[in-house]
Every structure is written in structure tokens, then in C-alpha cells.
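Okay, so here's the structure we're looking at.
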Amino acid sequence: MVMLHLLLAAAAADPTKGLTAIGRGIVYGGAAIGPGIGIGLVVGNAITAMARQPESAGTVRTTMFLGIAFTEALALFGFVLAFIISG
Amino acid sequence: MSLLGVDVPPVSHVTNWGTGPLGFNKTAAIYIFAALATMVLFYFGTRRKDALVPAGILQNTAESGVGFVRNQVIMQTIGTDGLGYLPYLTALFFFIFFSNITEIIPGVQFPANARFGVPLVFALATWVIYNVVGVVKQGPLHYLKNSVIPPGVPKAILPLVMIIELVSTFVVRPFSLAVRLFANMLAGHLILVTFAVLSAALWAAKPTIVIMPFSFALLVAMTGFEILVSFLQAFIFTILTAVYIGSSMHPDH
């Protein structure tokens, strides 16, 4: 509630500030969609592989972290971009 | 300069460090701590050369750290001919881990890698290393050809693939390496700050005090999660460095 009042007060004072905040939210939300699906696919398939062949779990886990790191990079670009945006 | 970590700086401080005397601030202090901790660990942890059975926390940590980087990072990605990079990768891993783990140390509670400068320097160091290794091992023209033209691509889309590979190998790789570490630590720090400030605000306002335990429980849980993230980001930075070096040493055919 406190935050809501603050946001409303800020929006009343300068409407572009509120729009910047909304823009930041859209940028990060949009950038998180693809990597969210991607990380789900990577981890899901890694778990399938580990369940099928438990002796290869070490290799699969290392490769899984690599895959997560590459996929996650796009979401993090969006996260940084959301900070760079200024109204 | 605040060494106690009790202030909440504005978001613009992400790019602007804020300076004390000679530009010294909390971030610099944490980096000096991380460098000293790494040096102390490997200087005093490796003094007892004659002892077959490791003893003491320093020697155990140093030896299992070296073993971890050797078996989980280098042997998985480069192979035995990459063991020459063991000292660099181990030092890199422990330095990044020590400067990350201050995120959850009470009284400091700030990951130094949530500022962009030093991750960028490490990413550029990785960039220089894998390019030099590629040029030395394969020769300049072969290295360029192997990194730009992936094997088994149809001729029709080769120009497009070449541009994508050129940008991704020489521009996006170091940039994403730096951004990954920086943004992960910054995001974790912001989550912890958010729940800490939220807990304090709910504690202060009388009717909302009943929600406060949930916020606090999440703060504790996220603190535990951030220990994992600190370790994981140091590991991922190290293993990606090893993967890039390995791809320069053994190109795909």
C-alpha cells in the first residue's frame, strides 16, 4: 500500500516517470519470456537424460549449466537494458 | 564511503561508483579483500608440501578447489592439454567467488561484482586469452576460418551464418560473459534489498505486521539461494572461459 501511494503520487507529479517504469517492466518481462521457455527445455531434457542414464549425470550437469548460461544471457541483456532506459 | 552496508543507494550508482579518498569505496575494499583471501588461501594452504594427508581448513579448501577446477572444469571442457590453464582458472574461480560471497556476509552484504568494471576486465582477459591461443595454435587464417565458418552449413546461407558467427564469437562472447556475472549479482542483490526493505516497512506499519513473517521468510530463503548463485556464477564464468579456450585449441571439423 505504501508503495502504491508513492507510485500514484509520483505519477500524479510527472506522468512520464510512470511511463518509464511501465516501459522498464515491459522490456524485462518481454526479454524473460524466451529464456524462460529455453531454460525449461534445457533443464527438462537434462533431467530426462540423467534419469535415463544416471552414470552420465556429471557430464550432463556440466553441459546443462553451460546451456543455462547461454540461454540466460538474453534475459540478462533485457535486465540491463531495463536499467539503461531513462525517461 | 559506507563500509557497513546499511545505506540504500539509488539505481544510478550501478554505473557510478561514488568515490571516497582516491576513488576508494566499498567495492574496491571488497575486491582487495577477495584478492587477499585468494592469495592467503593458496599461499598458506600449499606450504606443507611434504604432508600427504591434508590438514587444516586452508589446505583442505585449496586442494579441493584445485581438484574441483581440474576435474569439473578443465577435464570436462578442454582435456589434458588444457591443464596449463589450471592456475589461471583456479585463481579466477576463487577471486570471483570471494567477491561474490560478500553478498550474504552480514555487515558487508554487497557483491562487488554487481559493479560492471571488474567483470568486464575479466571478460576482456578471457577474450585476449582465447584469441591468442587460437592464433598461436591454428595460425591466424585458420583460426578466423574455423571460428567464422561452422562445419556442415549449406552454401546458400553461408554469408548470413558467417556474419552471425563473426559477431557472436568476437563481440557477444566477452560482452555476455561480463553481463552474465554482473547482472546475476546485481539482480540477487536487488532481490535481497527489496525483501529486507519490505520487511522493515511492514514491521513499521502496524496493521501490516502480520504479513511481515512471509517477507522475512522469503528474505532468509533468498539469502540461501544467493549462496548457490555466488558459487554458480563463479563456476560458470570459469567454465565458459575454459570452453572458449578449448574451442580455440580444438576447432570443430
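Order determines the names: the first chain of the C-alpha cells is A, the second B, and so forth; residues in each chain are numbered 1 upward, and ligands are numbered 1 upward as they are shown.
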**Study point:** Who sits within 10 Å of Tyr31 of chain B, only C-alpha atoms, same chain under 5 positions skipped, as a list in words
**Key:**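 That gives Lys26, Leu36, Ala37, Phe95, Ile96, Phe98, Ser99, Asn100, Thr102, Pro111, Ala112, Asn113 and Val118 of chain B.
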What are the residues of chain A that have an atom within 8 Å of an atom of chain B, counting only C-alpha atoms, as a tab-separated table (two decimals) with C-alpha atoms, in the first residue's frame?
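Generated output (out-v2.tsv):
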```tsv
chain	number	residue	atom	x	y	z
A	59	THR	CA	28.72	-34.64	-17.77
A	62	THR	CA	28.08	-29.52	-16.55
A	65	PHE	CA	24.86	-25.31	-16.67
A	66	LEU	CA	26.54	-24.26	-19.91
A	69	ALA	CA	24.28	-19.79	-19.03
A	72	GLU	CA	20.04	-16.88	-19.61
A	73	ALA	CA	22.27	-14.26	-21.27
A	76	LEU	CA	20.10	-10.62	-18.51
A	77	PHE	CA	20.55	-8.31	-21.52
A	79	PHE	CA	17.53	-6.81	-17.31
A	80	VAL	CA	20.44	-4.47	-18.01
A	83	PHE	CA	18.17	-0.10	-16.18
```
Practice item. Pick out each residue of segment 90-246 of chain B that DSSP on the backbone tags as alpha helix (DSSP H); I need them as number ranges by chain. Key: B: 90-101, 117-138, 140-148, 158-167, 173-204, 212-246
Check your understanding: Using only C-alpha atoms, which residues sit within 10 Å of segment 37-43 of chain A once same-chain residues fewer than 5 positions away are excluded, as an NGL selection string?
Key -> :A and (32 or 48-49 or 60-61 or 63-72)
Point to revise | Contacts of Arg47 of chain B within 12 Å, only C-alpha atoms, excl. fewer than 5 positions in-chain, as an MDAnalysis selection string | key: chainID B and resid 40:42 54:56 58:59 62:63
Neighbour list for segment 163-168 of chain B as a CSV table (one decimal) with N, CA and C atoms, in the first residue's frame, cut-off 9 Å, only C-alpha atoms, skip fewer than 4 positions in-chain:
```
chain,number,residue,atom,x,y,z
B,144,LEU,N,40.6,-17.8,-37.9
B,144,LEU,CA,39.5,-17.0,-38.4
B,144,LEU,C,38.5,-17.8,-39.2
B,147,SER,N,36.6,-20.2,-36.8
B,147,SER,CA,35.6,-19.6,-35.9
B,147,SER,C,34.4,-18.9,-36.6
B,148,VAL,N,34.6,-18.6,-37.9
B,148,VAL,CA,33.5,-17.9,-38.6
B,148,VAL,C,32.7,-18.9,-39.4
B,149,ILE,N,33.3,-20.0,-40.0
B,149,ILE,CA,32.5,-20.9,-40.8
B,149,ILE,C,32.3,-22.2,-40.0
B,150,PRO,N,31.1,-22.5,-39.5
B,150,PRO,CA,30.9,-23.7,-38.8
B,150,PRO,C,30.8,-24.9,-39.8
B,158,LEU,N,25.5,-19.5,-46.1
B,158,LEU,CA,26.8,-19.3,-45.5
B,158,LEU,C,27.1,-17.8,-45.2
B,159,PRO,N,26.8,-16.8,-46.1
B,159,PRO,CA,27.1,-15.4,-45.8
B,159,PRO,C,26.4,-15.0,-44.5
B,172,VAL,N,29.9,-10.7,-29.0
B,172,VAL,CA,28.9,-11.0,-28.0
B,172,VAL,C,29.5,-11.9,-26.9
B,173,ARG,N,30.4,-12.8,-27.2
B,173,ARG,CA,31.0,-13.6,-26.2
B,173,ARG,C,31.6,-12.9,-25.0
```
